[in-house]
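*Asks:* structure-v7.cif is the file, holding mmCIF, C-alpha atoms:
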```
data_protein
#
loop_
_atom_site.label_atom_id
_atom_site.label_comp_id
_atom_site.auth_asym_id
_atom_site.auth_seq_id
_atom_site.Cartn_x
_atom_site.Cartn_y
_atom_site.Cartn_z
CA ASN T 1 -9.44 -12.55 5.58
CA ASP T 2 -6.75 -15.13 6.42
CA ARG T 3 -4.49 -15.15 3.36
CA VAL T 4 -1.38 -13.04 2.87
CA ALA T 5 0.27 -12.47 -0.51
CA PHE T 6 3.96 -11.59 -0.52
CA VAL T 7 7.00 -11.43 -2.78
CA CYS T 8 10.05 -13.65 -2.47
CA GLU T 9 12.65 -14.62 -5.11
CA ASP T 10 10.92 -12.13 -7.45
CA ASP T 11 7.76 -14.29 -7.43
CA LEU T 12 4.36 -14.15 -5.74
CA TRP T 13 3.56 -16.48 -2.85
CA THR T 14 0.64 -16.89 -0.45
CA VAL T 15 0.55 -18.10 3.13
CA ASP T 16 -1.99 -18.24 5.94
CA ALA T 17 -2.00 -15.17 8.20
CA GLY T 18 -1.18 -17.50 11.10
CA GLY T 19 1.86 -18.88 9.27
CA GLY T 20 2.63 -22.23 7.72
CA ILE T 21 3.90 -23.51 4.39
CA ALA T 22 3.97 -20.85 1.67
CA ARG T 23 2.76 -21.66 -1.83
CA ARG T 24 4.37 -20.14 -4.94
CA LEU T 25 1.91 -18.59 -7.39
CA THR T 26 4.18 -17.36 -10.18
CA SER T 27 7.35 -18.37 -11.97
CA ASN T 28 7.82 -15.43 -14.29
CA LEU T 29 10.82 -14.18 -16.21
CA GLY T 30 10.50 -10.66 -14.83
CA GLU T 31 10.31 -9.27 -11.32
CA VAL T 32 6.92 -8.84 -9.64
CA ASP T 33 5.79 -6.66 -6.75
CA SER T 34 2.81 -4.89 -5.14
CA PRO T 35 0.35 -7.80 -4.86
CA VAL T 36 -3.14 -6.70 -3.78
CA PHE T 37 -6.18 -8.95 -3.26
CA SER T 38 -9.51 -7.86 -4.72
CA PRO T 39 -12.16 -7.00 -2.10
CA ASP T 40 -13.84 -10.40 -2.59
CA GLY T 41 -10.53 -12.27 -2.44
CA GLU T 42 -11.03 -13.85 -5.87
CA TRP T 43 -8.29 -11.98 -7.74
CA LEU T 44 -4.74 -10.85 -7.17
CA ALA T 45 -3.46 -7.77 -8.98
CA PHE T 46 0.26 -7.12 -9.15
CA THR T 47 2.99 -5.26 -11.01
CA GLY T 48 4.98 -7.37 -13.46
CA ARG T 49 7.97 -6.69 -15.72
CA GLU T 50 7.79 -9.36 -18.39
CA GLU T 51 8.97 -6.92 -21.06
CA GLY T 52 11.06 -4.62 -18.87
CA THR T 53 8.74 -1.80 -17.80
CA PRO T 54 6.34 -2.21 -14.86
CA GLU T 55 2.82 -3.09 -16.08
CA VAL T 56 -0.44 -4.16 -14.39
CA PHE T 57 -1.30 -7.87 -14.27
CA VAL T 58 -4.13 -9.83 -12.65
CA MET T 59 -4.51 -13.52 -11.83
CA PRO T 60 -6.83 -15.80 -9.83
CA ALA T 61 -5.92 -15.55 -6.15
CA LEU T 62 -5.73 -19.34 -5.84
CA GLY T 63 -3.29 -19.58 -8.75
CA GLY T 64 -3.49 -19.84 -12.51
CA PRO T 65 -2.55 -17.85 -15.61
CA ALA T 66 -1.93 -14.12 -15.26
CA ARG T 67 -3.41 -11.58 -17.68
CA ARG T 68 -1.59 -8.41 -18.61
CA LEU T 69 -3.94 -5.41 -18.50
CA THR T 70 -1.71 -2.47 -19.46
CA TYR T 71 0.65 -1.87 -22.38
CA LEU T 72 1.84 1.59 -21.46
CA GLY T 73 5.61 1.23 -21.74
CA ALA T 74 5.98 3.41 -18.66
CA ASP T 75 5.88 3.09 -14.90
CA ALA T 76 2.60 1.44 -13.77
CA ARG T 77 2.50 0.27 -10.15
CA VAL T 78 -0.55 -1.38 -8.59
CA ALA T 79 -1.98 0.69 -5.71
CA GLY T 80 -5.20 -1.19 -4.90
CA TRP T 81 -8.78 -1.78 -6.05
CA THR T 82 -11.92 0.29 -6.21
CA PRO T 83 -14.29 -0.60 -3.33
CA ASP T 84 -16.65 -2.48 -5.68
CA GLY T 85 -13.79 -4.70 -6.92
CA ARG T 86 -14.46 -3.94 -10.57
CA GLU T 87 -11.31 -1.92 -11.25
CA ILE T 88 -7.63 -2.03 -10.33
CA ILE T 89 -6.02 1.23 -9.31
CA PHE T 90 -2.43 1.92 -10.30
CA ALA T 91 0.01 4.81 -10.18
CA GLY T 92 1.16 5.61 -13.71
CA SER T 93 3.58 7.94 -15.43
CA HIS T 94 2.61 7.37 -19.08
CA THR T 95 1.10 10.87 -19.41
CA SER T 96 3.71 12.64 -17.28
CA PRO T 97 7.45 13.30 -17.28
CA PHE T 98 7.53 12.23 -13.64
CA ILE T 99 7.49 8.76 -12.06
CA ALA T 100 4.10 7.45 -10.86
CA ALA T 101 2.61 10.93 -10.83
CA SER T 102 -1.12 10.13 -11.15
CA LEU T 103 -3.64 7.45 -10.22
CA TYR T 104 -5.60 5.50 -12.83
CA ALA T 105 -8.23 2.76 -12.73
CA ILE T 106 -8.50 -0.07 -15.24
CA SER T 107 -11.27 -2.63 -15.55
CA LEU T 108 -10.67 -6.22 -14.53
CA ALA T 109 -11.45 -7.06 -18.16
CA GLY T 110 -8.85 -4.61 -19.46
CA GLY T 111 -9.41 -1.64 -21.76
CA GLU T 112 -8.43 2.00 -21.56
CA PRO T 113 -7.30 3.25 -18.12
CA ARG T 114 -9.24 6.20 -16.70
CA LEU T 115 -7.61 9.00 -14.75
CA LEU T 116 -8.86 9.41 -11.17
CA PRO T 117 -9.67 13.04 -10.26
CA VAL T 118 -7.44 13.19 -7.19
CA GLY T 119 -4.48 15.18 -8.48
CA VAL T 120 -0.89 14.08 -7.95
CA ALA T 121 -0.80 10.85 -5.91
CA GLU T 122 0.93 7.47 -5.66
CA SER T 123 -1.36 5.66 -3.20
CA ILE T 124 -5.02 5.70 -2.19
CA SER T 125 -7.25 4.15 0.47
CA PHE T 126 -11.04 4.36 0.81
CA GLY T 127 -13.00 5.08 3.94
CA PRO T 128 -16.70 5.15 4.85
CA ASN T 129 -19.25 7.36 3.08
CA GLY T 130 -17.09 7.76 -0.02
CA GLY T 131 -14.12 9.23 1.84
CA MET T 132 -10.61 8.87 0.45
CA VAL T 133 -7.05 9.38 1.64
CA ILE T 134 -4.12 9.70 -0.77
CA GLY T 135 -0.35 9.80 -0.46
CA ARG T 136 1.63 12.34 -2.46
CA HIS T 137 5.39 12.02 -3.05
CA THR T 138 5.18 8.80 -1.04
CA SER T 139 7.99 6.35 -1.74
CA ASP T 140 9.61 3.55 0.26
CA LEU T 141 11.16 5.32 3.25
CA ALA T 142 13.72 2.53 3.67
CA ALA T 143 15.22 3.51 0.32
CA TRP T 144 15.52 7.18 1.25
CA LYS T 145 16.14 7.19 4.98
CA ARG T 146 15.34 10.31 7.01
CA TYR T 147 14.78 12.46 3.92
CA ARG T 148 13.46 15.94 4.76
CA GLY T 149 13.60 17.76 1.41
CA GLY T 150 11.02 19.11 -0.99
CA ARG T 151 9.75 15.65 -1.97
CA THR T 152 8.89 14.64 1.60
CA GLY T 153 5.74 12.49 1.66
CA ASP T 154 2.41 14.17 2.27
CA ILE T 155 -1.08 12.84 3.09
CA TRP T 156 -4.32 14.45 1.85
CA LEU T 157 -7.84 13.61 2.96
CA ASP T 158 -11.28 13.91 1.34
CA ALA T 159 -13.32 13.10 4.45
CA ARG T 160 -16.76 12.87 2.80
CA GLY T 161 -15.91 12.02 -0.80
CA ASP T 162 -17.19 15.38 -2.05
CA GLY T 163 -13.92 16.53 -3.62
CA GLN T 164 -12.98 18.85 -0.76
CA TRP T 165 -9.36 17.85 -0.11
CA GLN T 166 -7.27 19.03 2.82
CA ARG T 167 -3.83 18.19 4.13
CA PHE T 168 -3.86 15.58 6.90
CA THR T 169 -2.70 17.45 10.00
CA CYS T 170 -1.89 16.82 13.66
CA ALA T 171 -1.12 18.79 16.82
CA ALA T 172 2.59 19.14 15.92
CA PRO T 173 4.06 22.58 15.15
CA ALA T 174 2.61 24.00 11.91
CA GLY T 175 0.15 21.09 11.92
CA ARG T 176 2.28 19.01 9.56
CA LEU T 177 3.02 15.35 10.22
CA ALA T 178 6.62 15.10 11.39
CA GLY T 179 9.26 13.32 9.33
CA ASN T 180 8.67 11.56 6.04
CA VAL T 181 5.42 9.62 5.60
CA THR T 182 4.07 7.04 3.17
CA LEU T 183 1.24 4.58 2.42
CA PRO T 184 -1.82 5.96 4.26
CA LEU T 185 -4.48 3.32 5.02
CA TRP T 186 -8.01 4.16 6.21
CA LEU T 187 -9.24 1.60 8.78
CA GLY T 188 -12.38 2.38 10.73
CA ARG T 189 -12.04 5.77 12.35
CA ARG T 190 -8.26 6.10 11.94
CA ILE T 191 -5.67 6.68 9.22
CA TYR T 192 -2.60 4.45 9.50
CA PHE T 193 0.69 5.30 7.81
CA ILE T 194 4.46 4.79 7.97
CA SER T 195 6.60 7.62 9.32
CA ASP T 196 10.26 7.99 10.27
CA GLN T 197 9.61 10.89 12.65
CA ASP T 198 11.46 8.99 15.42
CA GLY T 199 14.37 8.00 13.19
CA ILE T 200 13.24 4.54 12.02
CA GLY T 201 10.21 3.93 9.79
CA SER T 202 7.38 2.75 12.06
CA LEU T 203 3.60 2.39 11.88
CA TYR T 204 1.54 5.29 13.25
CA SER T 205 -2.10 6.36 13.18
CA GLN T 206 -4.25 9.45 13.57
CA PRO T 207 -8.02 9.97 13.87
CA ALA T 208 -9.64 10.22 10.43
CA ASP T 209 -11.80 13.12 11.61
CA PRO T 210 -9.80 16.23 10.64
CA ALA T 211 -11.10 18.22 13.59
CA GLU T 212 -10.02 15.50 16.02
CA ALA T 213 -6.70 14.85 14.26
CA ALA T 214 -5.72 18.52 14.53
CA HIS T 215 -5.56 18.14 18.33
CA CYS T 216 -3.75 14.79 18.49
CA LEU T 217 -0.20 13.59 18.00
CA PRO T 218 0.29 10.38 15.97
CA GLN T 219 0.01 7.13 17.93
CA ARG T 220 2.89 4.71 17.35
CA HIS T 221 1.96 1.02 16.90
CA THR T 222 5.33 -0.65 16.24
CA VAL T 223 8.57 -0.50 18.18
CA ASN T 224 11.41 -1.42 15.87
CA ASP T 225 14.93 -0.08 16.34
CA ASP T 226 16.73 -2.04 13.62
CA PHE T 227 14.56 -2.28 10.50
CA TYR T 228 12.05 -0.03 8.78
CA VAL T 229 8.39 -1.03 8.57
CA ARG T 230 7.65 -1.44 4.85
CA HIS T 231 4.89 -2.42 2.40
CA ILE T 232 1.88 -2.05 4.72
CA SER T 233 -1.39 -3.42 3.37
CA SER T 234 -4.79 -4.18 4.85
CA ASP T 235 -8.06 -6.03 4.32
CA GLY T 236 -9.90 -3.31 6.24
CA ARG T 237 -9.47 -5.04 9.59
CA ARG T 238 -5.84 -6.10 10.02
CA ILE T 239 -2.55 -4.73 8.68
CA VAL T 240 0.34 -6.77 7.32
CA TYR T 241 3.84 -5.39 6.81
CA SER T 242 7.44 -6.45 6.34
CA ALA T 243 10.47 -5.50 8.42
CA GLY T 244 13.95 -6.94 8.10
CA GLY T 245 12.80 -9.54 5.58
CA GLU T 246 10.08 -10.93 7.90
CA LEU T 247 6.30 -10.51 7.76
CA PHE T 248 4.07 -9.32 10.59
CA VAL T 249 0.34 -8.95 11.12
CA LEU T 250 -1.24 -6.31 13.34
CA ASP T 251 -4.81 -6.25 14.59
CA PRO T 252 -5.35 -2.70 15.90
CA GLN T 253 -7.99 -4.06 18.30
CA ASP T 254 -5.59 -6.64 19.79
CA PRO T 255 -3.54 -5.28 22.73
CA ALA T 256 -0.87 -7.92 22.03
CA GLY T 257 0.41 -5.78 19.16
CA PRO T 258 2.13 -7.00 15.99
CA GLN T 259 2.66 -10.75 15.60
CA PRO T 260 5.29 -12.37 13.34
CA ILE T 261 4.04 -14.70 10.60
CA PRO T 262 6.15 -17.90 10.79
CA ILE T 263 6.65 -18.98 7.17
CA ALA T 264 8.07 -22.27 5.91
CA LEU T 265 9.44 -21.42 2.46
CA TYR T 266 10.44 -24.62 0.67
CA SER T 267 12.34 -23.38 -2.36
CA PRO T 268 15.25 -24.85 -4.36
CA GLN T 269 17.03 -21.55 -3.76
#
```
Now that the file is in, can you turn its structure into structure tokens?
*Replies:*
Amino acid sequence: NDRVAFVCEDDLWTVDAGGGIARRLTSNLGEVDSPVFSPDGEWLAFTGREEGTPEVFVMPALGGPARRLTYLGADARVAGWTPDGREIIFAGSHTSPFIAASLYAISLAGGEPRLLPVGVAESISFGPNGGMVIGRHTSDLAAWKRYRGGRTGDIWLDARGDGQWQRFTCAAPAGRLAGNVTLPLWLGRRIYFISDQDGIGSLYSQPADPAEAAHCLPQRHTVNDDFYVRHISSDGRRIVYSAGGELFVLDPQDPAGPQPIPIALYSPQ
């Protein structure tokens, strides 16, 4: 709805989507990242490093004590929630020699993580009628600018949730999305994602219908020549992202385009 969670000074903060005074939620010893609200807005899942390795934590969204849910001793990065809000999804490497190679779900109450049957993936977003979109080999493009090698990001789509996966294509040569891509988000009838096909990481979208997407080129939603768009997230209606250390909110239905979030951050640092 109208709250945004973000990371600053290695802690979690919240602020109104229209801006204002930010409120610190954590004061941990380790770094935190990847905050994601539960679908009902009651909980905030995040990745914490209290003992060195990234693990999954959850806390009340309004503030309070955080509970550690995983003890894997490996890379575990929060990727979202299941649509019913009962489980937190994270990308984990505890059963693989590779970093964040598979997606797992763990109950809000804790317990044994379960492997999601989606193959190799680091991110996931859910659409209507059980549909899913996943990102494979998808890292932060700003940390690996204009990479075009064998680990270039790839997006795969299960349009009806029946396990029939196909590569997300467009009208470009060979049907592949140009450049490196990351963080696909399914909003309404479109898939949004970050791509550096024009040199700088920007926000693009394609129709979620594979037949329609195959005849369209990606639509660009941000014009930024200096800083990469990073860390996109959504509540299913609007998208928030960071660029150059600032936060922005985009309503795809608003012709005004992305709007900066003016934040007053009163910190001793």
*Asks:* Between CA of Pro83 (chain T) and CA of Met132 (chain T), what is the distance in Å, rounded to a tenth?
*Replies:*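 Those two atoms sit 10.8 Å apart.
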*Asks:* How far is it from CA of Arg238 (chain T) to CA of Ala105 (chain T), in Å with one decimal?
*Replies:*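 Straight-line distance from CA of Arg238 (chain T) to CA of Ala105 (chain T) works out to 24.5 Å.
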*Asks:* Would you mind reading off the distance between CA of Asn28 (chain T) and CA of Arg49 (chain T), one decimal, in Å?
*Replies:* 8.9 Å
*Asks:* Would you list the residues near (-19.3, 9.8, -0.8), meaning any protein, DNA or RNA residue with an atom at most 8 Å from that point in file coordinates, counting all atoms listed in the file, as JSON, numbers by chain?
*Replies:* {"T": [128, 129, 130, 131, 160, 161, 162]}
*Asks:* As a check of understanding, name the residues that the PyMOL selection byres ((chain T and resi 108-115) around 6) selects in the supplied structure, as a list of chain:residue names.
*Replies:* T:Leu69, T:Arg86, T:Glu87, T:Tyr104, T:Ala105, T:Ile106, T:Ser107, T:Leu116
*Asks:* Which residue out of T:Pro60, T:Pro255, T:Gly119, T:Gly20 has the minimum interatomic distance to Pro35 (chain T) when all atoms listed in the file are used?
*Replies:*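 With all atoms listed in the file as the atom set, the closest residue is T:Pro60.
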*Asks:* Carefully work through the PyMOL selection byres ((chain T and resi 151) around 10) for this structure and note down the residues it includes, as a PDB file with C-alpha atoms, in the frame of the given file.
*Replies:*
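Just written: result.pdb:
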```pdb
ATOM      1  CA  ARG T 136       1.630  12.340  -2.460  1.00  0.00           C
ATOM      2  CA  HIS T 137       5.390  12.020  -3.050  1.00  0.00           C
ATOM      3  CA  THR T 138       5.180   8.800  -1.040  1.00  0.00           C
ATOM      4  CA  SER T 139       7.990   6.350  -1.740  1.00  0.00           C
ATOM      5  CA  TYR T 147      14.780  12.460   3.920  1.00  0.00           C
ATOM      6  CA  ARG T 148      13.460  15.940   4.760  1.00  0.00           C
ATOM      7  CA  GLY T 149      13.600  17.760   1.410  1.00  0.00           C
ATOM      8  CA  GLY T 150      11.020  19.110  -0.990  1.00  0.00           C
ATOM      9  CA  THR T 152       8.890  14.640   1.600  1.00  0.00           C
ATOM     10  CA  GLY T 153       5.740  12.490   1.660  1.00  0.00           C
ATOM     11  CA  ASP T 154       2.410  14.170   2.270  1.00  0.00           C
ATOM     12  CA  ASN T 180       8.670  11.560   6.040  1.00  0.00           C
TER      13      ASN T 180
END
```
*Asks:* Env of Ala243 (chain T): 6 Å cut, atoms = all atoms listed in the file, seq-sep filter 4 positions within chain, self excluded. Answer as a list in words.
*Replies:*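 Counting all atoms listed in the file, the residues come to Phe227, Tyr228 and Val229 of chain T.
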*Asks:* Can you work out which one of T:Ile200, T:Arg189, T:Cys170, T:Gly163 has the shortest atom-to-atom distance to Ala143 (chain T), counting only C-alpha atoms?
*Replies:* T:Ile200
*Asks:* Taking the partial coordinates given, rebuild region 148-159 of chain T to contain all heavy atoms; return it as a PDB file, keeping the file's coordinate frame.
*Replies:*
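Just written: result_18.pdb:
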```pdb
ATOM      1  N   ARG T 148      14.264  14.812   4.279  1.00  0.00           N
ATOM      2  CA  ARG T 148      13.460  15.940   4.760  1.00  0.00           C
ATOM      3  C   ARG T 148      13.367  17.051   3.715  1.00  0.00           C
ATOM      4  O   ARG T 148      13.107  18.194   4.044  1.00  0.00           O
ATOM      5  CB  ARG T 148      14.063  16.499   6.063  1.00  0.00           C
ATOM      6  CG  ARG T 148      14.087  15.524   7.232  1.00  0.00           C
ATOM      7  CD  ARG T 148      12.694  15.195   7.707  1.00  0.00           C
ATOM      8  NE  ARG T 148      12.689  14.380   8.907  1.00  0.00           N
ATOM      9  CZ  ARG T 148      12.705  13.055   8.918  1.00  0.00           C
ATOM     10  NH1 ARG T 148      12.730  12.385   7.769  1.00  0.00           N
ATOM     11  NH2 ARG T 148      12.689  12.373  10.044  1.00  0.00           N
ATOM     12  N   GLY T 149      13.584  16.741   2.447  1.00  0.00           N
ATOM     13  CA  GLY T 149      13.600  17.760   1.410  1.00  0.00           C
ATOM     14  C   GLY T 149      12.242  18.056   0.825  1.00  0.00           C
ATOM     15  O   GLY T 149      11.191  17.723   1.381  1.00  0.00           O
ATOM     16  N   GLY T 150      12.248  18.644  -0.365  1.00  0.00           N
ATOM     17  CA  GLY T 150      11.020  19.110  -0.990  1.00  0.00           C
ATOM     18  C   GLY T 150      10.107  18.007  -1.467  1.00  0.00           C
ATOM     19  O   GLY T 150       8.937  18.272  -1.771  1.00  0.00           O
ATOM     20  N   ARG T 151      10.602  16.772  -1.560  1.00  0.00           N
ATOM     21  CA  ARG T 151       9.750  15.650  -1.970  1.00  0.00           C
ATOM     22  C   ARG T 151       9.375  14.777  -0.771  1.00  0.00           C
ATOM     23  O   ARG T 151       9.092  13.587  -0.927  1.00  0.00           O
ATOM     24  CB  ARG T 151      10.458  14.816  -3.037  1.00  0.00           C
ATOM     25  CG  ARG T 151      10.562  15.525  -4.378  1.00  0.00           C
ATOM     26  CD  ARG T 151      11.153  14.623  -5.438  1.00  0.00           C
ATOM     27  NE  ARG T 151      10.327  13.431  -5.642  1.00  0.00           N
ATOM     28  CZ  ARG T 151      10.716  12.380  -6.342  1.00  0.00           C
ATOM     29  NH1 ARG T 151      11.925  12.351  -6.876  1.00  0.00           N
ATOM     30  NH2 ARG T 151       9.915  11.349  -6.496  1.00  0.00           N
ATOM     31  N   THR T 152       9.358  15.358   0.408  1.00  0.00           N
ATOM     32  CA  THR T 152       8.890  14.640   1.600  1.00  0.00           C
ATOM     33  C   THR T 152       7.429  14.226   1.405  1.00  0.00           C
ATOM     34  O   THR T 152       6.617  14.988   0.891  1.00  0.00           O
ATOM     35  CB  THR T 152       9.029  15.514   2.846  1.00  0.00           C
ATOM     36  OG1 THR T 152      10.405  15.850   3.035  1.00  0.00           O
ATOM     37  CG2 THR T 152       8.518  14.783   4.081  1.00  0.00           C
ATOM     38  N   GLY T 153       7.092  12.995   1.831  1.00  0.00           N
ATOM     39  CA  GLY T 153       5.740  12.490   1.660  1.00  0.00           C
ATOM     40  C   GLY T 153       4.694  13.345   2.346  1.00  0.00           C
ATOM     41  O   GLY T 153       4.952  13.965   3.388  1.00  0.00           O
ATOM     42  N   ASP T 154       3.499  13.361   1.749  1.00  0.00           N
ATOM     43  CA  ASP T 154       2.410  14.170   2.270  1.00  0.00           C
ATOM     44  C   ASP T 154       1.104  13.387   2.137  1.00  0.00           C
ATOM     45  O   ASP T 154       0.913  12.658   1.158  1.00  0.00           O
ATOM     46  CB  ASP T 154       2.324  15.479   1.485  1.00  0.00           C
ATOM     47  CG  ASP T 154       1.709  16.616   2.291  1.00  0.00           C
ATOM     48  OD1 ASP T 154       1.404  16.404   3.479  1.00  0.00           O
ATOM     49  OD2 ASP T 154       1.538  17.705   1.732  1.00  0.00           O
ATOM     50  N   ILE T 155       0.205  13.550   3.096  1.00  0.00           N
ATOM     51  CA  ILE T 155      -1.080  12.840   3.090  1.00  0.00           C
ATOM     52  C   ILE T 155      -2.204  13.861   2.977  1.00  0.00           C
ATOM     53  O   ILE T 155      -2.229  14.873   3.694  1.00  0.00           O
ATOM     54  CB  ILE T 155      -1.240  11.998   4.376  1.00  0.00           C
ATOM     55  CG1 ILE T 155      -0.166  10.903   4.425  1.00  0.00           C
ATOM     56  CG2 ILE T 155      -2.631  11.369   4.437  1.00  0.00           C
ATOM     57  CD1 ILE T 155      -0.179  10.104   5.715  1.00  0.00           C
ATOM     58  N   TRP T 156      -3.166  13.573   2.058  1.00  0.00           N
ATOM     59  CA  TRP T 156      -4.320  14.450   1.850  1.00  0.00           C
ATOM     60  C   TRP T 156      -5.593  13.634   2.026  1.00  0.00           C
ATOM     61  O   TRP T 156      -5.646  12.461   1.668  1.00  0.00           O
ATOM     62  CB  TRP T 156      -4.274  15.090   0.466  1.00  0.00           C
ATOM     63  CG  TRP T 156      -3.231  16.163   0.360  1.00  0.00           C
ATOM     64  CD1 TRP T 156      -1.873  15.983   0.306  1.00  0.00           C
ATOM     65  CD2 TRP T 156      -3.448  17.569   0.316  1.00  0.00           C
ATOM     66  NE1 TRP T 156      -1.229  17.192   0.231  1.00  0.00           N
ATOM     67  CE2 TRP T 156      -2.177  18.187   0.229  1.00  0.00           C
ATOM     68  CE3 TRP T 156      -4.600  18.365   0.331  1.00  0.00           C
ATOM     69  CZ2 TRP T 156      -2.031  19.573   0.164  1.00  0.00           C
ATOM     70  CZ3 TRP T 156      -4.450  19.747   0.267  1.00  0.00           C
ATOM     71  CH2 TRP T 156      -3.175  20.337   0.179  1.00  0.00           C
ATOM     72  N   LEU T 157      -6.615  14.294   2.567  1.00  0.00           N
ATOM     73  CA  LEU T 157      -7.840  13.610   2.960  1.00  0.00           C
ATOM     74  C   LEU T 157      -9.062  14.291   2.339  1.00  0.00           C
ATOM     75  O   LEU T 157      -9.178  15.519   2.365  1.00  0.00           O
ATOM     76  CB  LEU T 157      -7.967  13.611   4.484  1.00  0.00           C
ATOM     77  CG  LEU T 157      -9.182  12.920   5.113  1.00  0.00           C
ATOM     78  CD1 LEU T 157      -9.036  11.410   5.007  1.00  0.00           C
ATOM     79  CD2 LEU T 157      -9.324  13.339   6.572  1.00  0.00           C
ATOM     80  N   ASP T 158      -9.941  13.469   1.756  1.00  0.00           N
ATOM     81  CA  ASP T 158     -11.280  13.910   1.340  1.00  0.00           C
ATOM     82  C   ASP T 158     -12.251  13.168   2.254  1.00  0.00           C
ATOM     83  O   ASP T 158     -12.647  12.043   1.976  1.00  0.00           O
ATOM     84  CB  ASP T 158     -11.509  13.576  -0.132  1.00  0.00           C
ATOM     85  CG  ASP T 158     -12.903  13.976  -0.617  1.00  0.00           C
ATOM     86  OD1 ASP T 158     -13.676  14.517   0.195  1.00  0.00           O
ATOM     87  OD2 ASP T 158     -13.210  13.717  -1.797  1.00  0.00           O
ATOM     88  N   ALA T 159     -12.621  13.793   3.359  1.00  0.00           N
ATOM     89  CA  ALA T 159     -13.320  13.100   4.450  1.00  0.00           C
ATOM     90  C   ALA T 159     -14.676  12.566   4.041  1.00  0.00           C
ATOM     91  O   ALA T 159     -15.107  11.515   4.525  1.00  0.00           O
ATOM     92  CB  ALA T 159     -13.443  14.021   5.650  1.00  0.00           C
TER      93      ALA T 159
END
```
